[in-house]
Amino acid sequence: MATISELLRDATVAALADLGVSVPPEQVEVTPAQRREHGDYQTNAALRLARTVACPPRDLAERLAARLPEHTAGICARVEVAGPGFVNCFLAPAWLHGVLREVVAAGPDYGHGTAEAGRRINLEFVSANPTGPLHAGGGRWVAVGDAVANLLAAQGAQVHREYYLNDAGTQLDTFVASLRARLRGEEPPPDGYHGRYLVEMAEELRAEHGDDPDPEVVRAWGLARVVAMLEADLARIGVHFDTWFSEQSLHDRGEVAEVLAALAQAGVTYERDGAVWLHSRDLGDTRDRVLVRSDGTTTYLANDIAYHRNKVRRGFDHLIDIWGADHHGQVASLQAGLRALGIGTAESPEPEVILGQLVRLERGGELVRISKRAGDVITLADILDEVDPDAARLTFLLQSIDTPQTFDVEVVTSASLENPVYYVQYAHARISSIGRVAAARGVVRPPLEDTDLGVLTDERELDLLRSLAAYPEVLATAAALRAPHRVTTWVRELAARVHRFYRDCRVLTDDPARTAARLWLAEAARVGLAGALRILGVSAPERMERLDDGDDDAAGAPDAPAAPAAGASGSRP
RNA sequence: GCCCCAGUAGCUCAGUGGAGAGAGCGGCCGCCUCCUAAGCGGUAGGUCGCAGGUUCGAUUCCUGCCUGGGGCGCCA
């Protein structure tokens, strides 16, 4: 299904052809208008082509506008020339009514596209070290990764969610040493993990395996216990991984050794100071990197190259990694190693690494020091103890991952009612309630094909349809840019329009024709809200409790407790 | 020193090669006999970090600089 921009772009190209101006479609821009009086969409074609056609832009625009209606029949009510030579298009209400029928027909899949149709995509995200619970900041990758997966799936991809489990490195050794120390009733080593969870885990371990289990037992038990903890945390926020990929398994199957041999065979390695190095500098990196340490162990890089080769060999059409910006330095090294293996060519595209800026955790405006080893952490589970998963998720999906996010625990928890998630969910609950009331009153919604939508002429009504009309394009763009926050922005706008419609356009009236059309419009809006929320991994409740009934407004004022918060530090005289 | 990201309203952030730059929160003023007031309306608040460049047109693209965040390990 073509988007509006595409439809209007093609119409513009055709109209220009009528004028004897031949121009490839990709050189014609049709964009949403910024101001209502400029219509719904606008093209700057006349401005851009004026020079080559040797015609004043305004004149060219006039000629274009004269021809355009032939090609936009049924879509635009009118077109007009404005400003220095823009051609503004005003969508026809009848066309918007057609959008409503499309939405209802498509249901939950409305707006989905085919940009990734048939592609098998491996999406790796989170992949936090299995040494403790998920950190609150890591929630960003949980929410973003899952939403990106949903976005790609909505474009027809078969998405495989994968968690890379670093169960072979020194971090796990340190974790095991810390666990054993707790088991003995001692403090973990200075560079170990000091979190409280290890004390509790040691108790569990003791109950199951006694005071002095074999170190290998401790290791296996500890790893399994942490993975179970990670899975449980992820389940609480509704995220499920298809594969938990063990780094250790790469070693066990000899894949790391294979990769090292292949790199040596390719002549891109050398020995120095007892270590094996990769000529990564010649392959696009800023410097050479160690693959095998002088003690014979392999580096994270060597293992990661083997891991990605494994993913390629599993037959995916495309690999995507979502990493925090603190892993930025690894990208060039990994790609250098993969290139040497022939991965990163036209036949075998290199992995796409999405870097997201980090979360700055604050409590009441003050930076929270984060150190998993010191045990001074705020975990995702801590957050979920205080807010529901929907609020947590949407908070992480409010802004572009290109910007560092400030996550104030106090704001997100104590003032959670201000979370935009409730604004959107409330819009869904409100619009849903209309259907319930209609049913209770015995108002029957006639079949859509028997409903005359021509009565939907109010700007509030048309605004809803304009939003819904733009949704396929929003989804396609968000998927292409791997930017789920664009869906958040869109659904917040739709929710605002739903609230305004609700306020100004009464659905259940004495006029059966109007009631029928508005019931269907409400249904279309509900489908739009629910569909976008589903992409974001947020639930769309049919009903929500009213917070405050009657006149005790103070009870519902979320900022009421703010005053004591200031005094909590002991400033009260 | 080099690489990546950001700098937009008091705060948190959207957004765009175009026509007086938007939202939420916070401030102020209003709106519930009516489908849920977790809502709606109004008002105040901006040299889109700074300087050049490209362009008919730059907050948007390019370069430099400043500020902030993250990297550049025989850690992961």
# chains A, B, ... in the order shown; residues from 1 in each chain; ligands from 1
$ residues_around --residues "Glu350 of chain A" --least-positions-apart "4" --cutoff "8 Å" --atoms "only C-alpha atoms (C1' of nucleotides)" --output "compact mmCIF listing (two decimals) with N, CA and C atoms, in the first residue's frame"
# COMPACT_ATOMS: atom_id res chain seq x y z
N LEU A 319 22.12 -9.07 10.47
CA LEU A 319 22.41 -9.08 11.90
C LEU A 319 22.35 -7.65 12.43
N GLN A 335 34.39 -5.26 13.23
CA GLN A 335 34.19 -5.25 11.78
C GLN A 335 35.48 -5.53 11.04
N LEU A 338 35.86 -9.28 11.13
CA LEU A 338 34.89 -9.93 10.27
C LEU A 338 35.24 -9.74 8.80
N ARG A 339 35.73 -8.56 8.48
CA ARG A 339 36.12 -8.28 7.10
C ARG A 339 37.21 -9.26 6.63
N ILE A 343 33.36 -11.34 5.81
CA ILE A 343 32.03 -10.88 6.22
C ILE A 343 32.05 -9.35 6.18
N GLY A 344 31.16 -8.79 5.41
CA GLY A 344 31.18 -7.35 5.22
C GLY A 344 31.29 -7.04 3.74
N THR A 345 30.79 -7.97 2.95
CA THR A 345 30.76 -7.79 1.50
C THR A 345 29.31 -7.71 1.06
$ select_by_dssp --residues "segment 81-127 of chain A" --states "strand (DSSP E)" --output "list of chain:residue names"
A:Val81, A:Ala82, A:Phe86, A:Val87, A:Asn88, A:Cys89, A:Phe90, A:Leu91, A:Arg120, A:Ile121, A:Asn122, A:Leu123, A:Glu124
$ write_last_selection --atoms "all heavy atoms" --output "JSON list (two decimals), in the first residue's frame"
[["chain", "number", "residue", "atom", "x", "y", "z"],
["A", 81, "VAL", "N", -1.54, 27.29, -4.57],
["A", 81, "VAL", "CA", -0.18, 27.82, -4.58],
["A", 81, "VAL", "C", -0.05, 28.81, -3.44],
["A", 81, "VAL", "O", -0.96, 29.58, -3.16],
["A", 81, "VAL", "CB", 0.11, 28.52, -5.92],
["A", 81, "VAL", "CG1", 1.50, 29.14, -5.89],
["A", 81, "VAL", "CG2", 0.00, 27.51, -7.07],
["A", 82, "ALA", "N", 1.08, 28.74, -2.78],
["A", 82, "ALA", "CA", 1.27, 29.65, -1.65],
["A", 82, "ALA", "C", 2.73, 30.02, -1.51],
["A", 82, "ALA", "O", 3.62, 29.33, -2.00],
["A", 82, "ALA", "CB", 0.76, 29.01, -0.37],
["A", 86, "PHE", "N", 5.17, 27.15, -3.15],
["A", 86, "PHE", "CA", 4.75, 25.84, -2.65],
["A", 86, "PHE", "C", 3.42, 25.49, -3.29],
["A", 86, "PHE", "O", 2.62, 26.37, -3.61],
["A", 86, "PHE", "CB", 4.55, 25.87, -1.13],
["A", 86, "PHE", "CG", 5.81, 26.11, -0.38],
["A", 86, "PHE", "CD1", 6.06, 27.34, 0.20],
["A", 86, "PHE", "CD2", 6.75, 25.11, -0.28],
["A", 86, "PHE", "CE1", 7.23, 27.57, 0.90],
["A", 86, "PHE", "CE2", 7.92, 25.32, 0.41],
["A", 86, "PHE", "CZ", 8.17, 26.56, 1.00],
["A", 87, "VAL", "N", 3.19, 24.20, -3.43],
["A", 87, "VAL", "CA", 1.87, 23.74, -3.81],
["A", 87, "VAL", "C", 1.35, 22.94, -2.64],
["A", 87, "VAL", "O", 1.94, 21.94, -2.24],
["A", 87, "VAL", "CB", 1.91, 22.88, -5.09],
["A", 87, "VAL", "CG1", 0.51, 22.33, -5.39],
["A", 87, "VAL", "CG2", 2.43, 23.69, -6.27],
["A", 88, "ASN", "N", 0.28, 23.43, -2.06],
["A", 88, "ASN", "CA", -0.29, 22.79, -0.87],
["A", 88, "ASN", "C", -1.47, 21.92, -1.23],
["A", 88, "ASN", "O", -2.31, 22.31, -2.04],
["A", 88, "ASN", "CB", -0.74, 23.85, 0.14],
["A", 88, "ASN", "CG", 0.43, 24.67, 0.65],
["A", 88, "ASN", "OD1", 1.57, 24.19, 0.67],
["A", 88, "ASN", "ND2", 0.16, 25.90, 1.03],
["A", 89, "CYS", "N", -1.50, 20.74, -0.63],
["A", 89, "CYS", "CA", -2.59, 19.81, -0.92],
["A", 89, "CYS", "C", -3.46, 19.63, 0.31],
["A", 89, "CYS", "O", -2.95, 19.44, 1.42],
["A", 89, "CYS", "CB", -2.01, 18.44, -1.31],
["A", 89, "CYS", "SG", -0.86, 18.52, -2.69],
["A", 90, "PHE", "N", -4.76, 19.69, 0.08],
["A", 90, "PHE", "CA", -5.72, 19.49, 1.17],
["A", 90, "PHE", "C", -6.42, 18.17, 0.94],
["A", 90, "PHE", "O", -7.10, 17.99, -0.07],
["A", 90, "PHE", "CB", -6.72, 20.65, 1.19],
["A", 90, "PHE", "CG", -6.11, 21.98, 1.53],
["A", 90, "PHE", "CD1", -5.35, 22.68, 0.62],
["A", 90, "PHE", "CD2", -6.28, 22.54, 2.81],
["A", 90, "PHE", "CE1", -4.77, 23.91, 0.94],
["A", 90, "PHE", "CE2", -5.72, 23.75, 3.13],
["A", 90, "PHE", "CZ", -4.96, 24.44, 2.20],
["A", 91, "LEU", "N", -6.25, 17.25, 1.87],
["A", 91, "LEU", "CA", -6.85, 15.94, 1.72],
["A", 91, "LEU", "C", -8.38, 16.04, 1.72],
["A", 91, "LEU", "O", -8.96, 16.81, 2.49],
["A", 91, "LEU", "CB", -6.39, 15.01, 2.84],
["A", 91, "LEU", "CG", -4.90, 14.64, 2.85],
["A", 91, "LEU", "CD1", -4.56, 13.81, 4.07],
["A", 91, "LEU", "CD2", -4.51, 13.91, 1.57],
["A", 120, "ARG", "N", 15.11, -12.68, 7.34],
["A", 120, "ARG", "CA", 15.36, -13.26, 8.66],
["A", 120, "ARG", "C", 16.38, -12.38, 9.34],
["A", 120, "ARG", "O", 17.53, -12.25, 8.87],
["A", 120, "ARG", "CB", 15.89, -14.68, 8.52],
["A", 120, "ARG", "CG", 14.86, -15.68, 7.97],
["A", 120, "ARG", "CD", 15.38, -17.10, 8.13],
["A", 120, "ARG", "NE", 15.58, -17.43, 9.53],
["A", 120, "ARG", "CZ", 16.62, -18.14, 10.00],
["A", 120, "ARG", "NH1", 17.56, -18.57, 9.20],
["A", 120, "ARG", "NH2", 16.72, -18.41, 11.29],
["A", 121, "ILE", "N", 15.99, -11.74, 10.40],
["A", 121, "ILE", "CA", 16.87, -10.79, 11.08],
["A", 121, "ILE", "C", 17.20, -11.28, 12.48],
["A", 121, "ILE", "O", 16.30, -11.65, 13.25],
["A", 121, "ILE", "CB", 16.22, -9.39, 11.15],
["A", 121, "ILE", "CG1", 15.99, -8.86, 9.73],
["A", 121, "ILE", "CG2", 17.09, -8.44, 11.96],
["A", 121, "ILE", "CD1", 15.30, -7.52, 9.68],
["A", 122, "ASN", "N", 18.48, -11.30, 12.81],
["A", 122, "ASN", "CA", 18.89, -11.61, 14.17],
["A", 122, "ASN", "C", 19.14, -10.30, 14.89],
["A", 122, "ASN", "O", 19.97, -9.50, 14.47],
["A", 122, "ASN", "CB", 20.17, -12.47, 14.15],
["A", 122, "ASN", "CG", 20.62, -12.84, 15.55],
["A", 122, "ASN", "OD1", 21.02, -11.98, 16.32],
["A", 122, "ASN", "ND2", 20.58, -14.12, 15.87],
["A", 123, "LEU", "N", 18.40, -10.07, 15.95],
["A", 123, "LEU", "CA", 18.54, -8.84, 16.71],
["A", 123, "LEU", "C", 19.07, -9.18, 18.10],
["A", 123, "LEU", "O", 18.39, -9.83, 18.90],
["A", 123, "LEU", "CB", 17.20, -8.13, 16.83],
["A", 123, "LEU", "CG", 17.19, -6.83, 17.63],
["A", 123, "LEU", "CD1", 17.97, -5.74, 16.90],
["A", 123, "LEU", "CD2", 15.77, -6.35, 17.88],
["A", 124, "GLU", "N", 20.29, -8.75, 18.35],
["A", 124, "GLU", "CA", 20.88, -9.00, 19.66],
["A", 124, "GLU", "C", 20.78, -7.73, 20.50],
["A", 124, "GLU", "O", 21.16, -6.65, 20.07],
["A", 124, "GLU", "CB", 22.36, -9.39, 19.52],
["A", 124, "GLU", "CG", 23.00, -9.75, 20.86],
["A", 124, "GLU", "CD", 24.49, -9.41, 20.90],
["A", 124, "GLU", "OE1", 25.17, -9.58, 19.88],
["A", 124, "GLU", "OE2", 24.94, -8.95, 21.97]]
$ residues_around --residues "G22 of chain B" --least-positions-apart "2" --cutoff "12 Å" --atoms "only C-alpha atoms (C1' of nucleotides)" --output "list of chain:residue names"
A:Gln34, A:Arg35, A:Thr489, A:Glu493, B:U8, B:A9, B:C13, B:A14, B:G15, B:U16, B:G24, B:G46, B:C48
$ write_last_selection --atoms "N, CA and C atoms (P, O5', C5', C4', C3', O3' and C1' of nucleotides)" --output "compact mmCIF listing (two decimals), in the first residue's frame"
# COMPACT_ATOMS: atom_id res chain seq x y z
N GLN A 34 3.39 21.93 7.81
CA GLN A 34 3.61 22.24 9.22
C GLN A 34 2.45 23.02 9.84
N ARG A 35 1.76 23.74 9.02
CA ARG A 35 0.68 24.56 9.55
C ARG A 35 -0.63 24.17 8.87
N THR A 489 5.99 9.22 19.78
CA THR A 489 5.59 10.59 19.48
C THR A 489 4.25 10.60 18.73
N GLU A 493 0.41 12.00 19.98
CA GLU A 493 -0.37 12.96 19.20
C GLU A 493 -1.78 12.42 18.93
P U B 8 19.53 22.67 24.56
O5' U B 8 18.66 23.14 23.31
C5' U B 8 18.82 24.44 22.77
C4' U B 8 17.57 24.86 22.08
C3' U B 8 16.30 24.70 22.92
O3' U B 8 16.12 25.78 23.81
C1' U B 8 15.93 23.73 20.82
P A B 9 15.57 25.46 25.23
O5' A B 9 14.28 26.36 25.46
C5' A B 9 14.26 27.77 25.30
C4' A B 9 13.14 28.31 26.16
C3' A B 9 13.03 27.67 27.53
O3' A B 9 12.66 28.63 28.51
C1' A B 9 11.03 27.30 26.37
P C B 13 16.59 14.78 28.86
O5' C B 13 15.43 14.46 27.82
C5' C B 13 15.53 14.87 26.48
C4' C B 13 14.17 14.81 25.87
C3' C B 13 14.13 14.89 24.36
O3' C B 13 14.37 13.61 23.80
C1' C B 13 12.49 16.33 25.27
P A B 14 14.68 13.49 22.23
O5' A B 14 13.19 13.67 21.67
C5' A B 14 13.01 14.27 20.43
C4' A B 14 11.55 14.31 20.12
C3' A B 14 11.27 14.62 18.66
O3' A B 14 11.29 13.42 17.90
C1' A B 14 10.02 16.09 20.01
P G B 15 12.29 13.32 16.66
O5' G B 15 11.74 14.47 15.71
C5' G B 15 10.37 14.49 15.33
C4' G B 15 10.07 15.81 14.68
C3' G B 15 11.08 16.24 13.63
O3' G B 15 10.83 15.60 12.40
C1' G B 15 10.60 18.06 15.05
P U B 16 12.08 15.06 11.55
O5' U B 16 12.20 16.16 10.42
C5' U B 16 11.06 16.48 9.63
C4' U B 16 11.20 17.89 9.12
C3' U B 16 12.55 18.20 8.51
O3' U B 16 12.63 17.78 7.16
C1' U B 16 11.96 19.92 10.01
P G B 24 0.81 19.95 25.85
O5' G B 24 1.63 19.05 26.86
C5' G B 24 1.36 17.65 26.99
C4' G B 24 2.38 17.03 27.89
C3' G B 24 2.54 17.70 29.25
O3' G B 24 1.56 17.23 30.18
C1' G B 24 4.67 17.37 28.30
P G B 46 11.29 34.43 26.02
O5' G B 46 12.56 33.52 25.72
C5' G B 46 12.40 32.15 25.48
C4' G B 46 13.49 31.64 24.59
C3' G B 46 14.12 32.64 23.62
O3' G B 46 15.49 32.32 23.41
C1' G B 46 12.98 30.95 22.40
P C B 48 17.70 31.12 17.55
O5' C B 48 17.66 29.90 18.59
C5' C B 48 18.84 29.16 18.87
C4' C B 48 18.44 27.72 19.09
C3' C B 48 19.34 26.75 18.34
O3' C B 48 19.82 25.78 19.25
C1' C B 48 17.03 26.32 17.87
$ residues_around --residues "segment 66-76 of chain B" --least-positions-apart "6" --cutoff "6 Å" --atoms "only C-alpha atoms (C1' of nucleotides)" --output "JSON, numbers by chain"
{"A": [293, 325, 326, 328, 329]}
$ write_last_selection --atoms "N, CA and C atoms" --output "tab-separated table (two decimals), in the first residue's frame"
chain	number	residue	atom	x	y	z
A	293	ARG	N	46.02	-13.55	24.31
A	293	ARG	CA	46.93	-12.96	25.28
A	293	ARG	C	48.16	-13.85	25.44
A	325	ALA	N	26.55	3.06	24.16
A	325	ALA	CA	27.63	3.87	23.57
A	325	ALA	C	28.98	3.56	24.22
A	326	ASP	N	28.95	2.95	25.40
A	326	ASP	CA	30.22	2.62	26.04
A	326	ASP	C	30.94	1.47	25.32
A	328	HIS	N	31.23	1.63	22.01
A	328	HIS	CA	31.53	2.23	20.71
A	328	HIS	C	32.89	1.78	20.17
A	329	GLY	N	33.86	1.68	21.07
A	329	GLY	CA	35.22	1.35	20.65
A	329	GLY	C	35.36	-0.05	20.06
$ select_by_dssp --residues "segment 49-220 of chain A" --states "alpha helix (DSSP H)" --output "ChimeraX atom specification"
/A:49-53,57-71,93-106,139-153,170-183,196-209,215-220
$ residues_around --residues "Ile535 of chain A" --least-positions-apart "2" --cutoff "9 Å" --atoms "only C-alpha atoms (C1' of nucleotides)" --output "ChimeraX atom specification"
/A:146-151,154,484,487,530-533,537-538
$ residues_around --residues "Glu255 of chain A" --least-positions-apart "5" --cutoff "9 Å" --atoms "only C-alpha atoms (C1' of nucleotides)" --output "PyMOL selection string"
chain A and resi 249-250+260+303+306-307+309-310
$ closest_residue --among "A:Arg466, A:Lys311, A:His160, A:Arg51" --to "chain B" --atoms "only C-alpha atoms (C1' of nucleotides)"
A:Arg51
$ atom_distance --atom1 "atom CA of Arg460 of chain A" --atom2 "atom CA of Ala94 of chain A"
15.1 Å
$ residues_around --residues "G10 of chain B" --least-positions-apart "6" --cutoff "10 Å" --atoms "only C-alpha atoms (C1' of nucleotides)" --output "list in words"
G26, G27 and G45 of chain B
$ write_last_selection --atoms "N, CA, C and O atoms (P, O5', C5', C4', C3', O3' and C1' of nucleotides)" --output "mmCIF file, in the first residue's frame"
data_model
loop_
_atom_site.group_PDB
_atom_site.id
_atom_site.type_symbol
_atom_site.label_atom_id
_atom_site.label_comp_id
_atom_site.auth_asym_id
_atom_site.auth_seq_id
_atom_site.Cartn_x
_atom_site.Cartn_y
_atom_site.Cartn_z
ATOM 1 P P G B 26 2.535 19.701 36.488
ATOM 2 O "O5'" G B 26 3.518 20.918 36.762
ATOM 3 C "C5'" G B 26 4.542 20.799 37.749
ATOM 4 C "C4'" G B 26 5.404 22.031 37.736
ATOM 5 C "C3'" G B 26 4.653 23.345 37.838
ATOM 6 O "O3'" G B 26 4.268 23.652 39.176
ATOM 7 C "C1'" G B 26 6.249 23.503 36.114
ATOM 8 P P G B 27 2.859 24.358 39.388
ATOM 9 O "O5'" G B 27 3.073 25.791 38.715
ATOM 10 C "C5'" G B 27 4.106 26.643 39.198
ATOM 11 C "C4'" G B 27 3.944 28.029 38.624
ATOM 12 C "C3'" G B 27 2.521 28.547 38.530
ATOM 13 O "O3'" G B 27 2.053 29.030 39.785
ATOM 14 C "C1'" G B 27 3.676 29.067 36.534
ATOM 15 P P G B 45 5.997 36.300 27.093
ATOM 16 O "O5'" G B 45 7.062 35.144 27.307
ATOM 17 C "C5'" G B 45 8.016 35.220 28.367
ATOM 18 C "C4'" G B 45 8.626 33.878 28.605
ATOM 19 C "C3'" G B 45 9.382 33.289 27.410
ATOM 20 O "O3'" G B 45 10.713 33.772 27.352
ATOM 21 C "C1'" G B 45 7.948 31.650 28.348
#
$ closest_residue --among "A:Gly528, A:Pro404, A:Pro57, A:Pro188" --to "U12 of chain B" --atoms "only C-alpha atoms (C1' of nucleotides)"
A:Pro404
$ closest_residue --among "A:Ala392, A:Leu453, A:Val290, A:Val409" --to "chain B" --atoms "only C-alpha atoms (C1' of nucleotides)"
A:Val290
$ closest_residue --among "B:A38, B:C65, B:A21, B:C28" --to "chain A" --atoms "only C-alpha atoms (C1' of nucleotides)"
B:A38
$ atom_distance --atom1 "atom CA of Val21 of chain A" --atom2 "atom CA of Gly39 of chain A"
24.6 Å
$ closest_residue --among "B:G42, B:G30, B:G49, B:G57" --to "chain A" --atoms "only C-alpha atoms (C1' of nucleotides)"
B:G57
$ closest_residue --among "A:Gln248, A:Ser5, A:Ser416, A:Thr269" --to "chain B" --atoms "only C-alpha atoms (C1' of nucleotides)"
A:Ser416
$ atom_distance --atom1 "atom CA of Val99 of chain A" --atom2 "atom CA of Ala525 of chain A"
11.2 Å
